[in-house]
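Novice: Structure: coords-v6.cif, mmCIF, C-alpha atoms.
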data_start
loop_
_atom_site.label_atom_id
_atom_site.label_comp_id
_atom_site.auth_asym_id
_atom_site.auth_seq_id
_atom_site.Cartn_x
_atom_site.Cartn_y
_atom_site.Cartn_z
CA MET C 30 15.89 -23.93 -44.83
CA PRO C 31 18.40 -21.27 -45.91
CA ASP C 32 20.70 -19.84 -43.25
CA THR C 33 19.17 -16.41 -43.52
CA ASP C 34 15.88 -17.79 -42.26
CA THR C 35 17.45 -19.36 -39.16
CA PRO C 36 16.47 -17.38 -36.08
CA THR C 37 19.50 -15.98 -34.32
CA TYR C 38 19.96 -14.72 -30.81
CA ARG C 39 22.88 -14.08 -28.55
CA ARG C 40 21.21 -14.14 -25.13
CA ALA C 41 17.99 -16.00 -24.47
CA VAL C 42 15.94 -16.12 -21.30
CA ILE C 43 13.94 -19.32 -21.00
CA ALA C 44 11.05 -19.04 -18.58
CA LEU C 45 10.37 -22.36 -16.90
CA ASN C 46 7.05 -22.97 -15.21
CA GLY C 47 7.78 -26.41 -13.78
CA GLY C 48 5.34 -28.04 -16.19
CA SER C 49 5.59 -30.36 -19.14
CA SER C 50 6.35 -27.53 -21.57
CA ASP C 51 9.72 -26.82 -19.92
CA GLU C 52 11.58 -29.62 -21.65
CA ARG C 53 10.02 -28.75 -24.98
CA ILE C 54 11.09 -25.10 -24.92
CA VAL C 55 14.59 -25.82 -23.63
CA ARG C 56 15.15 -28.37 -26.40
CA LEU C 57 13.86 -25.91 -28.97
CA VAL C 58 16.12 -23.07 -27.85
CA VAL C 59 19.14 -25.35 -27.55
CA ALA C 60 18.51 -26.85 -30.98
CA LEU C 61 18.24 -23.48 -32.68
CA GLY C 62 21.11 -21.82 -30.85
CA THR C 63 24.78 -21.76 -31.67
CA LYS C 64 27.46 -22.79 -29.16
CA ASP C 65 28.26 -19.23 -28.16
CA VAL C 66 24.74 -18.12 -27.20
CA GLU C 67 24.04 -17.34 -23.57
CA LEU C 68 21.14 -19.30 -22.15
CA ILE C 69 19.51 -18.18 -18.94
CA ALA C 70 16.89 -20.49 -17.45
CA VAL C 71 14.58 -18.63 -15.09
CA HIS C 72 12.15 -20.24 -12.73
CA VAL C 73 9.94 -17.94 -10.68
CA VAL C 74 8.25 -19.04 -7.50
CA GLU C 75 5.26 -16.85 -6.79
CA ILE C 76 5.06 -15.84 -3.14
CA ASP C 77 1.64 -14.79 -1.93
CA TRP C 78 1.21 -11.73 0.25
CA THR C 79 0.78 -13.72 3.44
CA LEU C 80 4.55 -14.28 3.39
CA PRO C 81 7.41 -11.84 3.06
CA LEU C 82 9.08 -11.88 -0.33
CA ASP C 83 12.34 -13.12 1.14
CA ALA C 84 10.72 -16.11 2.90
CA ASP C 85 12.87 -19.20 2.43
CA ILE C 86 10.58 -21.10 0.08
CA ALA C 87 12.23 -21.77 -3.25
CA GLY C 88 15.67 -22.64 -1.91
CA ARG C 89 14.27 -25.39 0.29
CA SER C 90 12.19 -27.10 -2.35
CA GLU C 91 13.80 -30.02 -4.18
CA GLU C 92 11.03 -29.87 -6.76
CA VAL C 93 11.96 -26.30 -7.60
CA GLN C 94 15.65 -27.14 -7.91
CA GLN C 95 14.77 -30.08 -10.13
CA VAL C 96 13.12 -27.73 -12.65
CA LEU C 97 16.41 -25.94 -13.21
CA ASP C 98 18.56 -29.07 -13.01
CA THR C 99 16.55 -30.73 -15.79
CA ALA C 100 16.95 -27.70 -18.05
CA GLU C 101 20.69 -27.54 -17.37
CA GLY C 102 20.98 -31.23 -18.18
CA ILE C 103 19.43 -30.73 -21.62
CA ALA C 104 21.79 -27.85 -22.39
CA GLU C 105 24.80 -29.87 -21.27
CA GLN C 106 23.90 -32.68 -23.65
CA ARG C 107 24.42 -30.19 -26.49
CA LYS C 108 27.56 -28.79 -24.83
CA MET C 109 25.86 -25.49 -24.23
CA ARG C 110 26.21 -23.42 -21.12
CA MET C 111 23.09 -22.44 -19.23
CA GLU C 112 22.81 -20.19 -16.21
CA PRO C 113 20.04 -21.24 -13.82
CA VAL C 114 18.19 -18.42 -12.03
CA LEU C 115 15.71 -18.99 -9.25
CA LEU C 116 13.53 -16.04 -8.29
CA GLN C 117 10.82 -15.33 -5.75
CA ALA C 118 8.30 -12.71 -6.78
CA ARG C 119 4.74 -11.54 -6.26
CA ASP C 120 3.98 -11.77 -9.96
CA VAL C 121 5.58 -14.26 -12.33
CA GLY C 122 5.08 -12.23 -15.51
CA ALA C 123 6.62 -9.08 -14.09
CA ALA C 124 9.59 -11.00 -12.68
CA ILE C 125 10.32 -12.68 -16.02
CA VAL C 126 10.10 -9.41 -17.92
CA ASP C 127 12.34 -7.69 -15.35
CA GLU C 128 14.93 -10.46 -15.65
CA ALA C 129 14.92 -10.32 -19.45
CA THR C 130 15.26 -6.55 -19.33
CA GLU C 131 18.08 -6.57 -16.78
CA ARG C 132 19.95 -9.25 -18.73
CA ASP C 133 19.48 -7.35 -21.96
CA ALA C 134 18.17 -10.56 -23.53
CA ASP C 135 17.22 -10.52 -27.19
CA LEU C 136 14.91 -13.49 -26.86
CA LEU C 137 12.44 -14.61 -24.23
CA VAL C 138 10.86 -18.03 -24.54
CA VAL C 139 7.81 -19.17 -22.58
CA GLY C 140 5.78 -22.32 -22.63
CA LEU C 141 2.01 -22.26 -22.58
CA PRO C 142 0.01 -25.25 -21.42
CA TYR C 143 -3.15 -25.94 -23.38
CA ARG C 144 -5.92 -25.38 -20.88
CA LYS C 145 -9.60 -24.70 -21.12
CA ARG C 146 -11.83 -22.81 -18.78
CA PHE C 147 -15.04 -24.29 -17.50
CA GLY C 148 -17.26 -23.99 -20.54
CA GLY C 149 -14.59 -24.95 -23.05
CA GLU C 150 -13.00 -21.58 -23.80
CA PHE C 151 -9.20 -21.60 -24.21
CA ALA C 152 -7.47 -20.11 -21.16
CA ILE C 153 -4.27 -18.23 -21.82
CA GLY C 154 -3.79 -17.13 -18.20
CA ARG C 155 -2.32 -13.78 -17.22
CA THR C 156 1.43 -14.38 -17.39
CA VAL C 157 1.81 -14.83 -21.16
CA PRO C 158 -0.31 -11.78 -22.10
CA TYR C 159 1.70 -9.71 -19.61
CA ILE C 160 4.98 -10.89 -21.14
CA LEU C 161 3.77 -10.28 -24.68
CA GLN C 162 2.70 -6.80 -23.74
CA ASN C 163 5.74 -5.77 -21.70
CA ALA C 164 8.86 -7.69 -22.76
CA PRO C 165 11.30 -5.44 -24.64
CA CYS C 166 12.80 -8.29 -26.68
CA ALA C 167 11.44 -10.89 -29.07
CA VAL C 168 9.13 -13.39 -27.41
CA TRP C 169 8.45 -16.95 -28.47
CA VAL C 170 5.41 -18.59 -26.96
CA VAL C 171 5.42 -22.35 -27.39
CA ARG C 172 1.96 -23.75 -26.82
CA GLU C 173 1.63 -27.37 -25.85
CA PRO C 174 -0.39 -29.61 -28.14
CA MET C 175 -4.02 -30.16 -27.28
CA SER C 176 -4.41 -33.08 -25.02
CA GLU C 177 -6.44 -35.92 -26.47
CA GLU C 178 -7.66 -36.85 -23.03
CA PRO C 179 -10.71 -34.99 -21.79
CA SER C 180 -9.61 -32.14 -19.53
CA MET U 21 7.79 -2.24 7.67
CA PHE U 22 4.92 -3.86 5.77
CA VAL U 23 2.07 -1.45 5.10
CA LEU U 24 -1.22 -2.55 3.63
CA VAL U 25 -2.98 0.34 1.91
CA VAL U 26 -6.65 -0.17 1.12
CA GLY U 27 -8.10 2.10 -1.54
CA GLY U 28 -6.40 2.99 -4.80
CA GLY U 29 -7.70 6.51 -5.25
CA LYS U 30 -5.41 9.53 -5.34
CA VAL U 31 -4.60 9.23 -1.63
CA GLY U 32 -3.88 5.51 -1.73
CA TYR U 33 -1.86 5.77 -4.92
CA TYR U 34 0.44 8.53 -3.70
CA LEU U 35 0.68 7.02 -0.24
CA ALA U 36 1.83 3.69 -1.69
CA LYS U 37 4.28 5.45 -3.97
CA GLU U 38 5.82 7.47 -1.15
CA LEU U 39 6.07 4.42 1.09
CA ILE U 40 7.83 2.43 -1.63
CA ASP U 41 10.24 5.30 -2.21
CA SER U 42 10.97 5.27 1.52
CA GLY U 43 11.92 1.60 1.30
CA HIS U 44 8.84 0.03 2.88
CA GLU U 45 7.10 -3.10 1.69
CA VAL U 46 3.67 -2.09 0.42
CA ALA U 47 0.58 -3.90 -0.80
CA LEU U 48 -2.33 -1.92 -2.18
CA MET U 49 -5.90 -3.19 -2.46
CA GLU U 50 -8.22 -1.70 -5.07
CA LYS U 51 -11.54 -3.24 -5.94
CA ASP U 52 -11.97 -1.59 -9.33
CA PRO U 53 -10.05 -3.88 -11.74
CA THR U 54 -9.39 -1.12 -14.28
CA ARG U 55 -7.95 1.22 -11.67
CA ALA U 56 -5.99 -1.68 -10.12
CA ARG U 57 -4.41 -2.47 -13.49
CA GLN U 58 -3.59 1.18 -14.07
CA ILE U 59 -1.80 1.43 -10.71
CA ALA U 60 0.05 -1.86 -11.29
CA ASP U 61 1.26 -0.54 -14.65
CA GLU U 62 2.60 2.57 -12.97
CA ILE U 63 3.97 1.29 -9.67
CA GLY U 64 4.49 -2.44 -10.20
CA SER U 65 3.03 -5.68 -8.99
CA ILE U 66 1.96 -4.52 -5.54
CA VAL U 67 -1.75 -4.32 -6.31
CA ILE U 68 -4.32 -6.81 -5.12
CA PRO U 69 -7.41 -6.24 -7.27
CA HIS U 70 -9.99 -7.08 -4.63
CA ASP U 71 -12.31 -5.44 -2.13
CA GLY U 72 -10.55 -4.82 1.18
CA CYS U 73 -13.88 -4.93 3.00
CA GLU U 74 -13.92 -8.69 2.60
CA GLY U 75 -11.96 -10.55 5.25
CA LYS U 76 -10.95 -13.27 2.84
CA TYR U 77 -9.22 -10.80 0.56
CA LEU U 78 -7.66 -8.88 3.45
CA GLY U 79 -6.15 -12.20 4.51
CA GLU U 80 -4.85 -12.88 0.99
CA ALA U 81 -3.29 -9.43 0.98
CA GLY U 82 -1.15 -10.38 3.98
CA CYS U 83 -3.11 -8.46 6.61
CA ASN U 84 -1.96 -11.04 9.18
CA ARG U 85 1.63 -9.79 8.96
CA ALA U 86 0.97 -6.09 8.30
CA ASP U 87 2.58 -3.61 10.67
CA VAL U 88 0.16 -0.91 9.56
CA VAL U 89 -3.16 -0.95 7.72
CA ALA U 90 -4.19 2.35 6.18
CA ALA U 91 -7.81 2.45 5.04
CA VAL U 92 -8.01 5.41 2.69
CA THR U 93 -11.02 4.73 0.48
CA GLY U 94 -13.48 7.53 -0.14
CA ASP U 95 -16.08 5.74 1.92
CA ASP U 96 -16.07 6.12 5.71
CA GLU U 97 -18.10 2.96 6.28
CA ASP U 98 -15.61 0.90 4.27
CA ASN U 99 -12.66 2.42 6.10
CA LEU U 100 -14.23 1.60 9.43
CA VAL U 101 -14.94 -2.01 8.47
CA ILE U 102 -11.40 -2.47 7.12
CA CYS U 103 -9.79 -1.10 10.29
CA GLN U 104 -12.10 -3.13 12.52
CA MET U 105 -11.23 -6.36 10.73
CA ALA U 106 -7.53 -5.51 10.65
CA LYS U 107 -7.51 -4.71 14.36
CA HIS U 108 -9.69 -7.41 15.78
CA HIS U 109 -9.39 -10.28 13.33
CA PHE U 110 -5.81 -9.94 12.11
CA ASP U 111 -4.28 -8.27 15.19
CA VAL U 112 -2.67 -5.50 13.20
CA PRO U 113 -0.74 -3.28 15.65
CA ARG U 114 -1.62 0.02 14.00
CA THR U 115 -4.67 1.02 11.97
CA ILE U 116 -5.11 4.36 10.28
CA ALA U 117 -8.37 5.50 8.73
CA ARG U 118 -9.29 8.34 6.45
CA VAL U 119 -12.44 9.96 7.76
CA ASN U 120 -14.28 12.08 5.25
CA ASN U 121 -17.18 13.14 7.42
CA PRO U 122 -15.84 14.72 10.65
CA LYS U 123 -19.03 13.63 12.40
CA ASN U 124 -17.83 10.03 12.11
CA GLU U 125 -14.63 10.67 14.06
CA VAL U 126 -16.17 9.85 17.43
CA LEU U 127 -17.51 6.55 16.14
CA PHE U 128 -14.15 5.59 14.64
CA ARG U 129 -12.37 6.36 17.91
CA HIS U 130 -14.98 4.55 19.93
CA LEU U 131 -14.54 1.44 17.79
CA GLY U 132 -10.80 1.35 18.32
CA VAL U 133 -9.27 2.76 15.15
CA ASP U 134 -5.79 3.87 16.22
CA GLU U 135 -5.37 6.99 14.13
CA LEU U 136 -7.76 9.13 12.15
CA VAL U 137 -6.94 11.44 9.31
CA SER U 138 -9.71 13.79 8.33
CA PRO U 139 -8.98 15.92 5.25
CA THR U 140 -12.21 17.80 5.87
CA ARG U 141 -11.17 18.62 9.41
CA MET U 142 -7.72 19.72 8.26
CA ILE U 143 -9.05 22.08 5.61
CA LEU U 144 -11.60 23.39 8.06
CA GLY U 145 -8.80 23.98 10.54
CA SER U 146 -6.77 25.92 7.99
CA ILE U 147 -9.74 28.10 7.13
CA GLU U 148 -10.60 28.70 10.76
CA GLN U 149 -7.05 29.79 11.57
CA ASP U 150 -7.59 32.90 9.44
CA ILE U 151 -11.13 33.86 10.27
CA PRO U 152 -12.65 34.69 13.64
CA VAL U 153 -14.55 31.72 14.96
CA HIS U 154 -16.08 31.07 18.31
CA GLU U 155 -14.96 27.50 18.48
CA LEU U 156 -11.95 25.57 19.62
CA LEU U 157 -9.61 24.70 16.81
CA HIS U 158 -8.19 21.16 16.71
CA LEU U 159 -4.56 21.38 15.71
CA ALA U 160 -3.38 17.80 16.12
CA ALA U 161 -4.08 14.48 17.79
CA LEU U 162 -1.46 12.90 20.00
CA GLY U 163 -0.72 9.37 21.12
CA GLU U 164 -3.51 7.08 20.01
CA GLY U 165 -5.86 9.98 19.44
CA GLU U 166 -6.93 10.40 23.06
CA LEU U 167 -5.08 13.68 23.51
CA GLU U 168 -5.53 16.69 21.33
CA ILE U 169 -3.73 19.95 20.87
CA ILE U 170 -6.32 22.67 20.71
CA GLU U 171 -6.20 26.38 19.98
CA ALA U 172 -8.61 28.89 21.44
CA HIS U 173 -8.79 32.40 20.04
CA LEU U 174 -9.84 34.69 22.86
CA GLN U 175 -12.39 37.20 21.67
CA ALA U 176 -14.62 39.72 23.39
CA GLY U 177 -16.81 37.87 25.83
CA SER U 178 -14.27 35.19 26.67
CA PRO U 179 -14.27 34.55 30.41
CA ALA U 180 -10.50 34.04 30.25
CA ILE U 181 -9.69 37.65 29.29
CA GLY U 182 -8.07 39.51 32.17
CA ARG U 183 -7.43 36.33 34.07
CA SER U 184 -4.39 34.11 34.41
CA PRO U 185 -4.30 30.30 33.89
CA GLU U 186 -4.11 29.76 37.65
CA GLN U 187 -7.39 31.68 38.03
CA LEU U 188 -9.17 29.53 35.47
CA ASP U 189 -11.04 26.42 36.45
CA MET U 190 -9.23 24.04 34.12
CA PRO U 191 -10.69 20.57 33.66
CA GLU U 192 -8.58 17.69 34.96
CA GLY U 193 -6.21 16.25 32.37
CA CYS U 194 -6.05 19.50 30.44
CA SER U 195 -3.43 22.21 30.54
CA LEU U 196 -2.66 25.48 28.80
CA PHE U 197 0.94 25.52 27.70
CA ALA U 198 1.51 28.34 25.23
CA VAL U 199 0.09 31.64 24.06
CA VAL U 200 0.44 33.23 20.63
CA ARG U 201 0.38 37.00 20.96
CA GLY U 202 1.16 39.29 18.05
CA GLY U 203 2.42 36.33 16.06
CA ILE U 204 4.92 35.29 18.73
CA ALA U 205 4.49 32.07 20.64
CA THR U 206 5.63 31.99 24.28
CA PRO U 207 5.23 29.46 27.06
CA LEU U 208 2.28 30.30 29.25
CA ARG U 209 3.15 30.81 32.93
CA PRO U 210 0.51 30.32 35.61
CA ASP U 211 0.43 34.05 36.39
CA ASP U 212 0.37 35.41 32.82
CA VAL U 213 -2.74 37.50 32.27
CA LEU U 214 -4.61 36.61 29.10
CA ARG U 215 -5.74 39.33 26.71
CA GLU U 216 -8.30 39.69 23.95
CA GLY U 217 -6.80 38.45 20.68
CA ASP U 218 -4.53 35.90 22.35
CA LYS U 219 -4.41 32.44 20.87
CA VAL U 220 -4.09 29.96 23.70
CA ILE U 221 -2.73 26.52 22.98
CA ALA U 222 -4.01 23.73 25.20
CA ILE U 223 -3.44 20.04 25.43
CA GLY U 224 -5.98 17.68 26.88
CA LYS U 225 -8.30 14.77 26.61
CA GLN U 226 -11.19 14.91 24.19
CA GLU U 227 -13.69 14.70 27.04
CA CYS U 228 -12.38 18.02 28.39
CA GLU U 229 -13.42 19.91 25.29
CA ALA U 230 -16.78 21.15 26.54
CA LEU U 231 -15.31 22.43 29.82
CA LEU U 232 -12.35 23.98 28.02
CA HIS U 233 -14.76 25.71 25.65
CA GLY U 234 -16.64 27.18 28.60
CA GLN U 235 -13.45 28.52 30.19
CA LEU U 236 -11.80 29.97 27.11
CA ILE U 237 -14.52 30.76 24.57
CA GLY U 238 -17.53 31.30 26.80
CA ASP U 239 -20.81 32.20 25.15
CA PRO U 240 -19.99 34.57 22.30
CA GLU U 241 -23.62 34.84 21.23
CA ALA U 242 -24.41 36.50 24.55
CA VAL U 243 -21.78 39.14 23.74
CA SER U 244 -23.08 39.76 20.21
CA ALA U 245 -26.64 40.02 21.49
CA GLY U 246 -25.56 42.33 24.26
#
Would you encode the structure as structure tokens?

Specialist:
Amino acid sequence: MPDTDTPTYRRAVIALNGGSSDERIVRLVVALGTKDVELIAVHVVEIDWTLPLDADIAGRSEEVQQVLDTAEGIAEQRKMRMEPVLLQARDVGAAIVDEATERDADLLVVGLPYRKRFGGEFAIGRTVPYILQNAPCAVWVVREPMSEEPS
Amino acid sequence: MFVLVVGGGKVGYYLAKELIDSGHEVALMEKDPTRARQIADEIGSIVIPHDGCEGKYLGEAGCNRADVVAAVTGDDEDNLVICQMAKHHFDVPRTIARVNNPKNEVLFRHLGVDELVSPTRMILGSIEQDIPVHELLHLAALGEGELEIIEAHLQAGSPAIGRSPEQLDMPEGCSLFAVVRGGIATPLRPDDVLREGDKVIAIGKQECEALLHGQLIGDPEAVSAG
């Protein structure tokens, strides 16, 4: 592939959902990026309205920390620097878009699990459409392959 | 302070906006998904697109930790149900209801809604301030709505004309505290003689209203007929 066709970015926000697509999207962004790109891994913990937004939820959870640690580990293997960001928000999509906007990112990458609703229709959820509609920068959506096992 | 606003009409929308600007935490419930989306686009992700009349959704909206629940839908019955659930099921310390039909105010108070806001009553009050009426004018509610500040415009036929407050048989728990005469408000002393055209400001319990009416307004129809 000629160099001119290689996607370039200087600051990428990688939205991690704690699922199996996280590793895939981090590897993709790391592989396509140069050494001097800024990588920001964002994991948003959605806090429902029964709790205040500043409730100590995300900081206490080892599982949540592990999501960011794994992403950082992949970046380190390629000698790339990644800033981990852990957020608590009422709405994941809005929080990711806000973070990308505040960071002046030129790329936002999200993973999309392949899920079907009852009845067999593909379910895209509400976060990805929100991001596609509201993010000011380029957005890559990386959909997971269809599972061969019955869902 | 966490305020749960139920109803995303004009009132709910601007109320939520003002509260956010004042630095409060706000959640807004709106059952119409299109309207809910529209508000979320404008204000942010504070909208819960569900019916606040359902306890399950009130719970999901964080009613259990709300300091105030303001039920401001256009439907009195809904506002009453919301405040009742907030008060008695979720132990919300303060409930505020919009009451569209002033006739429902008594019911709302009786069922324990802390504060009532009646746009109809307010507009009516503004109109009545400028035209002669033979009724008591409700200016404001105090405390938890038990006390009211009331204005009485003394017109021909009022039994209070020519008498002083100490000569009037005032109901217990009710007192006259000011008089507006010629556009000037002055404290009302026990021996001040009241005149036709005076506007007397009283404070008292709602139950006193009928007695207060008899003392200050009298029976104006008898005067007109006479």

Novice: Pull out every residue of chain C that has at least one atom within 7 Å of chain U, counting only C-alpha atoms, and report them as a list of chain:residue names.

Specialist: C:Trp78, C:Thr79, C:Leu80, C:Arg119, C:Asp120

Novice: Those same residues, written as a CSV table (one decimal), keeping the file's coordinate frame with C-alpha atoms?

Specialist:
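Here's the written file selection_18.csv:
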chain,number,residue,atom,x,y,z
C,78,TRP,CA,1.2,-11.7,0.2
C,79,THR,CA,0.8,-13.7,3.4
C,80,LEU,CA,4.6,-14.3,3.4
C,119,ARG,CA,4.7,-11.5,-6.3
C,120,ASP,CA,4.0,-11.8,-10.0

Novice: Interatomic distance between atom CA of U:Val26 and atom CA of U:Val89?

Specialist: 7.5 Å

Novice: Assuming the chain letters and numbering stay as they are in my file, what does the PyMOL selection byres ((chain U and resi 193-202) around 12) actually select? List them as a ChimeraX atom specification.

Specialist: /U:166-174,180,184-186,188-192,203-233,235-236

Novice: For C:Ile76, list every protein, DNA or RNA residue within 9 Å, evaluated using all atoms listed in the file, and leave out those in the same chain fewer than 6 positions away; present the list as a list of chain:residue names.

Specialist: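 Selected residues are C:Leu82, C:Asp83, C:Ala84, C:Ile86, C:Gln117, C:Ala118, C:Arg119, C:Asp120.
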
Novice: C:Ala44: which residues within 12 Å, counting all atoms listed in the file, same-chain residues fewer than 4 positions away excluded, as a ChimeraX atom specification?

Specialist: /C:48,50-55,58,68-74,96-97,100,113-116,121-129,136-141,156-157,160,168-171

Novice: Output the residue selection produced by the PyMOL selection byres ((chain U and resi 33) around 10) on the file above, formatted as a PyMOL selection string.

Specialist: chain U and resi 25-32+34-38+48+50+56+59+62-63+92

Novice: Would you compute the distance between atom CA of U:Gly132 and atom CA of U:Asp98? Give it in Å to one decimal.

Specialist: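 Distance between the two atoms: 14.9 Å.
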
Novice: Please write out, as JSON, where the centre of an axis-aligned box around all listed atoms of stretch 113-120 of chain C lies and how long its edges are, in Å to one decimal, after adding 6 Å on each side.

Specialist:
{"center_x": 12.0, "center_y": -16.4, "center_z": -9.8, "size_x": 28.1, "size_y": 21.7, "size_z": 20.1}
